[in-house]
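Source file: coords03.tsv. Holds: TSV, N, CA, C and O atoms.
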chain	number	residue	atom	x	y	z
O	1	MET	N	15.44	9.57	6.96
O	1	MET	CA	15.44	10.20	8.26
O	1	MET	C	16.71	9.79	9.00
O	1	MET	O	17.07	8.63	9.04
O	2	THR	N	17.39	10.77	9.57
O	2	THR	CA	18.57	10.47	10.35
O	2	THR	C	18.31	10.82	11.80
O	2	THR	O	17.32	11.46	12.14
O	3	ASP	N	19.23	10.40	12.67
O	3	ASP	CA	19.09	10.72	14.09
O	3	ASP	C	19.19	12.23	14.34
O	3	ASP	O	18.75	12.72	15.37
O	4	LEU	N	19.77	12.95	13.38
O	4	LEU	CA	19.95	14.40	13.56
O	4	LEU	C	18.72	15.19	13.14
O	4	LEU	O	18.61	16.36	13.46
O	5	ASP	N	17.81	14.56	12.38
O	5	ASP	CA	16.62	15.26	11.92
O	5	ASP	C	15.68	15.51	13.09
O	5	ASP	O	15.41	14.62	13.89
O	6	ARG	N	15.18	16.72	13.17
O	6	ARG	CA	14.17	17.05	14.16
O	6	ARG	C	12.99	17.66	13.41
O	6	ARG	O	13.11	18.72	12.80
O	7	TYR	N	11.88	16.95	13.44
O	7	TYR	CA	10.68	17.39	12.74
O	7	TYR	C	9.79	18.11	13.74
O	7	TYR	O	9.57	17.63	14.86
O	8	VAL	N	9.28	19.27	13.33
O	8	VAL	CA	8.54	20.12	14.26
O	8	VAL	C	7.19	20.53	13.69
O	8	VAL	O	6.96	20.50	12.48
O	9	VAL	N	6.32	20.91	14.61
O	9	VAL	CA	5.01	21.49	14.30
O	9	VAL	C	5.03	22.90	14.87
O	9	VAL	O	5.37	23.10	16.03
O	10	ILE	N	4.67	23.86	14.04
O	10	ILE	CA	4.63	25.26	14.46
O	10	ILE	C	3.21	25.79	14.27
O	10	ILE	O	2.63	25.62	13.19
O	11	LYS	N	2.67	26.40	15.29
O	11	LYS	CA	1.37	27.09	15.19
O	11	LYS	C	1.70	28.58	15.19
O	11	LYS	O	2.33	29.09	16.11
O	12	LEU	N	1.30	29.28	14.12
O	12	LEU	CA	1.59	30.71	13.97
O	12	LEU	C	0.45	31.57	14.49
O	12	LEU	O	-0.70	31.11	14.58
O	13	THR	N	0.76	32.80	14.80
O	13	THR	CA	-0.27	33.73	15.28
O	13	THR	C	-1.35	33.94	14.23
O	13	THR	O	-2.47	34.32	14.56
O	14	SER	N	-1.06	33.67	12.96
O	14	SER	CA	-2.05	33.80	11.88
O	14	SER	C	-3.08	32.67	11.93
O	14	SER	O	-4.06	32.71	11.21
O	15	GLY	N	-2.80	31.64	12.75
O	15	GLY	CA	-3.68	30.47	12.81
O	15	GLY	C	-3.18	29.31	11.97
O	15	GLY	O	-3.69	28.20	12.08
O	16	GLU	N	-2.19	29.56	11.13
O	16	GLU	CA	-1.65	28.51	10.28
O	16	GLU	C	-0.85	27.51	11.12
O	16	GLU	O	-0.19	27.88	12.10
O	17	GLU	N	-0.92	26.26	10.71
O	17	GLU	CA	-0.11	25.21	11.33
O	17	GLU	C	0.85	24.70	10.28
O	17	GLU	O	0.45	24.35	9.17
O	18	VAL	N	2.14	24.69	10.62
O	18	VAL	CA	3.19	24.36	9.67
O	18	VAL	C	4.03	23.20	10.22
O	18	VAL	O	4.40	23.21	11.39
O	19	LEU	N	4.32	22.23	9.35
O	19	LEU	CA	5.22	21.14	9.69
O	19	LEU	C	6.53	21.38	8.95
O	19	LEU	O	6.53	21.89	7.84
O	20	GLY	N	7.64	20.99	9.56
O	20	GLY	CA	8.91	21.18	8.88
O	20	GLY	C	10.06	20.48	9.58
O	20	GLY	O	9.91	19.92	10.66
O	21	THR	N	11.21	20.53	8.93
O	21	THR	CA	12.45	19.99	9.48
O	21	THR	C	13.23	21.15	10.07
O	21	THR	O	13.57	22.10	9.36
O	22	LEU	N	13.51	21.09	11.36
O	22	LEU	CA	14.21	22.17	12.04
O	22	LEU	C	15.65	22.25	11.54
O	22	LEU	O	16.36	21.25	11.52
O	23	VAL	N	16.04	23.46	11.16
O	23	VAL	CA	17.41	23.71	10.73
O	23	VAL	C	18.19	24.39	11.85
O	23	VAL	O	19.30	24.00	12.18
O	24	ARG	N	17.54	25.40	12.46
O	24	ARG	CA	18.21	26.18	13.50
O	24	ARG	C	17.16	26.91	14.32
O	24	ARG	O	16.12	27.30	13.80
O	25	GLU	N	17.43	27.09	15.60
O	25	GLU	CA	16.57	27.92	16.42
O	25	GLU	C	17.43	28.69	17.42
O	25	GLU	O	18.49	28.23	17.83
O	26	ASP	N	16.99	29.90	17.73
O	26	ASP	CA	17.62	30.68	18.77
O	26	ASP	C	16.53	31.45	19.50
O	26	ASP	O	15.35	31.15	19.34
O	27	ASP	N	16.91	32.42	20.30
O	27	ASP	CA	15.93	33.16	21.09
O	27	ASP	C	15.01	34.04	20.24
O	27	ASP	O	13.97	34.48	20.72
O	28	TYR	N	15.37	34.28	18.99
O	28	TYR	CA	14.63	35.22	18.15
O	28	TYR	C	13.95	34.59	16.94
O	28	TYR	O	12.95	35.11	16.46
O	29	GLU	N	14.51	33.52	16.43
O	29	GLU	CA	14.02	32.95	15.17
O	29	GLU	C	14.05	31.42	15.19
O	29	GLU	O	14.80	30.81	15.94
O	30	ILE	N	13.24	30.87	14.29
O	30	ILE	CA	13.23	29.43	14.00
O	30	ILE	C	13.40	29.31	12.49
O	30	ILE	O	12.68	29.94	11.72
O	31	LYS	N	14.35	28.50	12.06
O	31	LYS	CA	14.52	28.26	10.62
O	31	LYS	C	14.16	26.80	10.36
O	31	LYS	O	14.67	25.90	11.02
O	32	ILE	N	13.25	26.59	9.41
O	32	ILE	CA	12.87	25.23	9.04
O	32	ILE	C	13.02	25.03	7.53
O	32	ILE	O	12.94	25.98	6.75
O	33	GLN	N	13.24	23.78	7.18
O	33	GLN	CA	13.36	23.40	5.78
O	33	GLN	C	12.10	22.64	5.38
O	33	GLN	O	11.54	21.89	6.18
O	34	PHE	N	11.70	22.82	4.15
O	34	PHE	CA	10.53	22.16	3.57
O	34	PHE	C	9.28	22.31	4.44
O	34	PHE	O	8.66	21.33	4.85
O	35	PRO	N	8.88	23.56	4.72
O	35	PRO	CA	7.65	23.74	5.49
O	35	PRO	C	6.42	23.31	4.69
O	35	PRO	O	6.30	23.61	3.50
O	36	MET	N	5.56	22.56	5.34
O	36	MET	CA	4.32	22.11	4.73
O	36	MET	C	3.16	22.64	5.57
O	36	MET	O	3.15	22.51	6.80
O	37	LEU	N	2.21	23.25	4.92
O	37	LEU	CA	1.06	23.86	5.57
O	37	LEU	C	-0.05	22.81	5.74
O	37	LEU	O	-0.37	22.08	4.80
O	38	VAL	N	-0.60	22.75	6.94
O	38	VAL	CA	-1.72	21.85	7.21
O	38	VAL	C	-3.00	22.53	6.71
O	38	VAL	O	-3.28	23.66	7.11
O	39	LYS	N	-3.71	21.86	5.82
O	39	LYS	CA	-4.93	22.42	5.25
O	39	LYS	C	-6.10	21.50	5.55
O	39	LYS	O	-5.96	20.27	5.49
O	40	LYS	N	-7.24	22.10	5.85
O	40	LYS	CA	-8.47	21.33	6.07
O	40	LYS	C	-9.33	21.45	4.82
O	40	LYS	O	-9.58	22.54	4.32
O	41	VAL	N	-9.77	20.30	4.32
O	41	VAL	CA	-10.53	20.25	3.08
O	41	VAL	C	-11.86	19.56	3.36
O	41	VAL	O	-11.89	18.45	3.89
O	42	ALA	N	-12.94	20.22	2.99
O	42	ALA	CA	-14.27	19.63	3.13
O	42	ALA	C	-14.55	18.76	1.91
O	42	ALA	O	-14.26	19.14	0.79
O	43	ARG	N	-15.11	17.58	2.17
O	43	ARG	CA	-15.49	16.69	1.07
O	43	ARG	C	-16.69	15.87	1.52
O	43	ARG	O	-17.08	15.90	2.68
O	44	SER	N	-17.25	15.14	0.59
O	44	SER	CA	-18.42	14.32	0.89
O	44	SER	C	-18.03	12.85	0.89
O	44	SER	O	-17.32	12.38	0.00
O	45	MET	N	-18.47	12.13	1.91
O	45	MET	CA	-18.22	10.70	1.98
O	45	MET	C	-19.54	10.00	2.30
O	45	MET	O	-20.10	10.22	3.37
O	46	GLY	N	-20.02	9.25	1.35
O	46	GLY	CA	-21.29	8.57	1.55
O	46	GLY	C	-22.44	9.54	1.71
O	46	GLY	O	-23.41	9.26	2.41
O	47	GLY	N	-22.33	10.71	1.07
O	47	GLY	CA	-23.38	11.71	1.16
O	47	GLY	C	-23.30	12.59	2.41
O	47	GLY	O	-24.13	13.46	2.60
O	48	TYR	N	-22.30	12.35	3.25
O	48	TYR	CA	-22.15	13.14	4.47
O	48	TYR	C	-20.90	14.01	4.37
O	48	TYR	O	-19.86	13.55	3.89
O	49	PRO	N	-20.98	15.23	4.84
O	49	PRO	CA	-19.79	16.09	4.80
O	49	PRO	C	-18.77	15.65	5.85
O	49	PRO	O	-19.12	15.36	6.99
O	50	VAL	N	-17.52	15.55	5.43
O	50	VAL	CA	-16.42	15.22	6.33
O	50	VAL	C	-15.27	16.18	6.06
O	50	VAL	O	-15.19	16.78	4.99
O	51	GLU	N	-14.43	16.32	7.04
O	51	GLU	CA	-13.28	17.19	6.90
O	51	GLU	C	-12.02	16.33	6.84
O	51	GLU	O	-11.82	15.45	7.68
O	52	SER	N	-11.20	16.56	5.83
O	52	SER	CA	-9.93	15.85	5.69
O	52	SER	C	-8.80	16.84	5.90
O	52	SER	O	-8.95	18.03	5.66
O	53	ILE	N	-7.69	16.31	6.34
O	53	ILE	CA	-6.50	17.13	6.52
O	53	ILE	C	-5.48	16.72	5.46
O	53	ILE	O	-5.19	15.53	5.29
O	54	VAL	N	-4.95	17.71	4.75
O	54	VAL	CA	-3.93	17.47	3.74
O	54	VAL	C	-2.76	18.41	3.99
O	54	VAL	O	-2.91	19.43	4.67
O	55	LEU	N	-1.61	18.07	3.44
O	55	LEU	CA	-0.44	18.93	3.55
O	55	LEU	C	-0.14	19.53	2.19
O	55	LEU	O	-0.17	18.84	1.17
O	56	GLY	N	0.15	20.82	2.19
O	56	GLY	CA	0.51	21.52	0.98
O	56	GLY	C	1.73	22.38	1.24
O	56	GLY	O	2.04	22.72	2.39
O	57	ALA	N	2.42	22.74	0.19
O	57	ALA	CA	3.62	23.56	0.33
O	57	ALA	C	3.29	24.89	1.00
O	57	ALA	O	2.24	25.47	0.73
O	58	TYR	N	4.15	25.35	1.87
O	58	TYR	CA	3.96	26.64	2.53
O	58	TYR	C	4.00	27.76	1.49
O	58	TYR	O	3.24	28.70	1.56
O	59	SER	N	4.89	27.63	0.52
O	59	SER	CA	4.95	28.58	-0.59
O	59	SER	C	5.35	27.82	-1.85
O	59	SER	O	6.35	27.11	-1.87
O	60	HIS	N	4.57	27.99	-2.89
O	60	HIS	CA	4.83	27.30	-4.16
O	60	HIS	C	5.84	28.04	-5.03
O	60	HIS	O	6.37	27.46	-5.97
O	61	PHE	N	6.10	29.30	-4.76
O	61	PHE	CA	6.82	30.12	-5.72
O	61	PHE	C	8.21	30.56	-5.29
O	61	PHE	O	8.86	31.32	-5.99
O	62	CYS	N	8.68	30.09	-4.15
O	62	CYS	CA	10.02	30.46	-3.67
O	62	CYS	C	11.06	29.50	-4.24
O	62	CYS	O	10.81	28.31	-4.37
O	63	GLY	N	12.22	30.05	-4.52
O	63	GLY	CA	13.33	29.24	-5.03
O	63	GLY	C	14.13	28.59	-3.91
O	63	GLY	O	14.99	27.77	-4.16
O	64	ASP	N	13.84	28.96	-2.67
O	64	ASP	CA	14.58	28.46	-1.51
O	64	ASP	C	13.66	27.56	-0.69
O	64	ASP	O	12.47	27.84	-0.56
O	65	ASP	N	14.21	26.51	-0.12
O	65	ASP	CA	13.41	25.57	0.66
O	65	ASP	C	13.48	25.82	2.16
O	65	ASP	O	12.92	25.05	2.93
O	66	GLU	N	14.19	26.87	2.58
O	66	GLU	CA	14.30	27.19	4.01
O	66	GLU	C	13.57	28.50	4.30
O	66	GLU	O	13.69	29.46	3.55
O	67	PHE	N	12.83	28.51	5.41
O	67	PHE	CA	12.08	29.68	5.81
O	67	PHE	C	12.40	30.00	7.26
O	67	PHE	O	12.53	29.09	8.09
O	68	THR	N	12.49	31.27	7.56
O	68	THR	CA	12.78	31.73	8.92
O	68	THR	C	11.54	32.39	9.48
O	68	THR	O	10.93	33.25	8.84
O	69	PHE	N	11.14	31.95	10.67
O	69	PHE	CA	9.98	32.51	11.35
O	69	PHE	C	10.43	33.20	12.63
O	69	PHE	O	11.22	32.64	13.39
O	70	SER	N	9.93	34.39	12.84
O	70	SER	CA	10.22	35.12	14.07
O	70	SER	C	9.48	34.47	15.23
O	70	SER	O	8.33	34.06	15.09
O	71	ARG	N	10.13	34.40	16.37
O	71	ARG	CA	9.48	33.82	17.57
O	71	ARG	C	8.22	34.62	17.93
O	71	ARG	O	7.32	34.08	18.55
O	72	HIS	N	8.18	35.90	17.54
O	72	HIS	CA	7.00	36.73	17.82
O	72	HIS	C	5.75	36.23	17.10
O	72	HIS	O	4.64	36.54	17.49
O	73	HIS	N	5.96	35.49	16.02
O	73	HIS	CA	4.84	34.99	15.22
O	73	HIS	C	4.49	33.54	15.53
O	73	HIS	O	3.63	32.95	14.88
O	74	ILE	N	5.18	32.95	16.49
O	74	ILE	CA	4.97	31.54	16.84
O	74	ILE	C	4.27	31.43	18.19
O	74	ILE	O	4.73	32.00	19.17
O	75	ILE	N	3.14	30.73	18.18
O	75	ILE	CA	2.41	30.46	19.43
O	75	ILE	C	2.93	29.18	20.06
O	75	ILE	O	3.16	29.10	21.26
O	76	VAL	N	3.12	28.14	19.21
O	76	VAL	CA	3.54	26.83	19.69
O	76	VAL	C	4.63	26.29	18.79
O	76	VAL	O	4.54	26.39	17.56
O	77	LEU	N	5.65	25.70	19.39
O	77	LEU	CA	6.68	24.96	18.68
O	77	LEU	C	6.84	23.63	19.41
O	77	LEU	O	7.22	23.61	20.57
O	78	LYS	N	6.50	22.54	18.73
O	78	LYS	CA	6.56	21.21	19.34
O	78	LYS	C	7.21	20.24	18.37
O	78	LYS	O	7.16	20.42	17.15
O	79	ASP	N	7.80	19.17	18.92
O	79	ASP	CA	8.29	18.09	18.08
O	79	ASP	C	7.09	17.38	17.45
O	79	ASP	O	6.05	17.22	18.09
O	80	MET	N	7.27	16.98	16.20
O	80	MET	CA	6.22	16.26	15.49
O	80	MET	C	6.08	14.86	16.08
O	80	MET	O	7.07	14.20	16.39
O	81	ASP	N	4.86	14.41	16.22
O	81	ASP	CA	4.59	13.04	16.66
O	81	ASP	C	5.21	12.10	15.62
O	81	ASP	O	4.96	12.25	14.42
O	82	PRO	N	6.03	11.14	16.04
O	82	PRO	CA	6.70	10.25	15.09
O	82	PRO	C	5.74	9.51	14.15
O	82	PRO	O	6.13	9.13	13.04
O	83	ARG	N	4.49	9.33	14.55
O	83	ARG	CA	3.53	8.64	13.68
O	83	ARG	C	3.26	9.42	12.39
O	83	ARG	O	2.78	8.84	11.40
O	84	TYR	N	3.55	10.72	12.37
O	84	TYR	CA	3.22	11.55	11.21
O	84	TYR	C	4.43	11.93	10.37
O	84	TYR	O	4.28	12.57	9.33
O	85	VAL	N	5.63	11.53	10.80
O	85	VAL	CA	6.85	11.91	10.07
O	85	VAL	C	6.84	11.34	8.66
O	85	VAL	O	7.15	12.05	7.70
O	86	ASP	N	6.47	10.08	8.48
O	86	ASP	CA	6.46	9.48	7.14
O	86	ASP	C	5.49	10.20	6.20
O	86	ASP	O	5.80	10.42	5.03
O	87	GLU	N	4.33	10.59	6.70
O	87	GLU	CA	3.36	11.33	5.88
O	87	GLU	C	3.93	12.69	5.48
O	87	GLU	O	3.77	13.14	4.34
O	88	TYR	N	4.57	13.36	6.43
O	88	TYR	CA	5.22	14.64	6.14
O	88	TYR	C	6.27	14.45	5.04
O	88	TYR	O	6.30	15.20	4.06
O	89	LEU	N	7.14	13.44	5.19
O	89	LEU	CA	8.20	13.21	4.21
O	89	LEU	C	7.64	12.86	2.84
O	89	LEU	O	8.16	13.29	1.81
O	90	ARG	N	6.54	12.10	2.79
O	90	ARG	CA	5.88	11.80	1.50
O	90	ARG	C	5.36	13.08	0.85
O	90	ARG	O	5.48	13.26	-0.36
O	91	SER	N	4.79	13.96	1.65
O	91	SER	CA	4.28	15.23	1.11
O	91	SER	C	5.41	16.09	0.57
O	91	SER	O	5.26	16.72	-0.48
O	92	VAL	N	6.53	16.12	1.26
O	92	VAL	CA	7.70	16.86	0.77
O	92	VAL	C	8.18	16.24	-0.54
O	92	VAL	O	8.44	16.97	-1.52
O	93	ASP	N	8.31	14.92	-0.59
O	93	ASP	CA	8.73	14.25	-1.82
O	93	ASP	C	7.79	14.54	-2.98
O	93	ASP	O	8.23	14.79	-4.11
O	94	ASP	N	6.48	14.52	-2.73
O	94	ASP	CA	5.49	14.83	-3.77
O	94	ASP	C	5.67	16.25	-4.27
O	94	ASP	O	5.60	16.51	-5.47
O	95	PHE	N	5.89	17.19	-3.35
O	95	PHE	CA	6.07	18.59	-3.75
O	95	PHE	C	7.34	18.76	-4.56
O	95	PHE	O	7.35	19.41	-5.61
O	96	ILE	N	8.44	18.18	-4.11
O	96	ILE	CA	9.71	18.32	-4.82
O	96	ILE	C	9.62	17.66	-6.19
O	96	ILE	O	10.10	18.22	-7.18
O	97	GLY	N	8.96	16.52	-6.26
O	97	GLY	CA	8.80	15.83	-7.54
O	97	GLY	C	7.95	16.60	-8.53
O	97	GLY	O	8.12	16.50	-9.73
O	98	ALA	N	7.02	17.41	-8.00
O	98	ALA	CA	6.12	18.19	-8.85
O	98	ALA	C	6.76	19.47	-9.33
O	98	ALA	O	6.27	20.13	-10.24
O	99	SER	N	7.88	19.86	-8.72
O	99	SER	CA	8.55	21.13	-9.08
O	99	SER	C	9.25	21.02	-10.41
O	99	SER	O	9.70	20.04	-10.84

Whole structure, structure tokens version:
Amino acid sequence: MTDLDRYVVIKLTSGEEVLGTLVREDDYEIKIQFPMLVKKVARSMGGYPVESIVLGAYSHFCGDDEFTFSRHHIIVLKDMDPRYVDEYLRSVDDFIGAS
């Protein structure tokens, strides 16, 4: 992580929540690198249902790691809470290592 990195959380009109590294933004678009989709997974813990949150690649089949989102499709754009940056970076590393 460098001082120039800006990690963001994007909530899309589709309901998806995406984490990523901001590359560029203007009045019309947001470009992020290594977008990771926030997924909710139901599982059982001690016989009780619980919901876990995991990060998965926004797209598994693209050859490019940068995605551009139209501002029309974005409800919220916020800086990522610094407590979650390391988890995001681990998820990116896991995805890149699996490619």

- request: Select, from O:Ile53, O:Val9, O:Ile32, O:Ala42, the residue with the minimum atom-to-atom distance to Leu77 of chain O, counting all atoms listed in the file.
  value: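 Of O:Ile53, O:Val9, O:Ile32, O:Ala42, the one nearest Leu77 of chain O, counting all atoms listed in the file, is O:Val9.
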
query: Can you list, as an MDAnalysis selection string, every protein, DNA or RNA residue that comes within 10 Å of Val18 of chain O when you count only C-alpha atoms, leaving out same-chain residues fewer than 5 positions away?
result: chainID O and resid 8:12 32 34:39 55:58 77

query: Looking at O:Tyr48, O:Arg71, O:Lys40, O:Leu89, which one is nearest to Thr21 of chain O, with distances taken over only C-alpha atoms?
result: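 Answer, going by the shortest atom-to-atom distance: O:Leu89.
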
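Of the residues in chain O, those given alpha helix (DSSP H) by DSSP on the backbone are Val85, Asp86, Glu87, Tyr88, Leu89, Arg90, Ser91, Val92, Asp93, Asp94, Phe95, Ile96, Gly97 and Ala98 of chain O.
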
task: Name the residues of chain O that come out as strand (DSSP E or B) in a backbone DSSP run; write them as a PyMOL selection string.
output: chain O and resi 7-12+17-25+29-45+48-57+66-70+74-79

query: If you measure from atom O of Asp93 of chain O to atom C of Phe69 of chain O, what distance in Å do you get, rounded to one decimal?
result: 25.0 Å

message: Just the number, please: distance in Å from atom CA of Asp86 of chain O to atom CA of Asp5 of chain O, one decimal.
response: 12.6 Å

- prompt: Mind pulling up the distance from atom CA of Ser52 of chain O to atom O of Asp94 of chain O?
  reply: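 Distance between the two atoms: 19.1 Å.
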
message: List as JSON, numbers by chain the protein and nucleic acid residues near Thr68 of chain O, meaning an atom at most 7 Å away when only N, CA, C and O atoms are counted, but skip any in the same chain fewer than 4 places from it.
response: {"O": [29, 30, 31, 32]}

Grab all the atoms of segment 56-63 of chain O that the file lists, wrap them in a box along x, y and z, add 3 Å per side, and give me centre plus edge lengths in Å (one decimal) as AutoDock Vina command-line options.
--center_x 7.6 --center_y 26.1 --center_z -1.7 --size_x 20.8 --size_y 16.5 --size_z 14.5

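Distances to Ser14 of chain O were evaluated for O:Ile74, O:Ile96, O:Ser91, O:Pro49 using all atoms listed in the file, and the minimum falls at O:Ile74.
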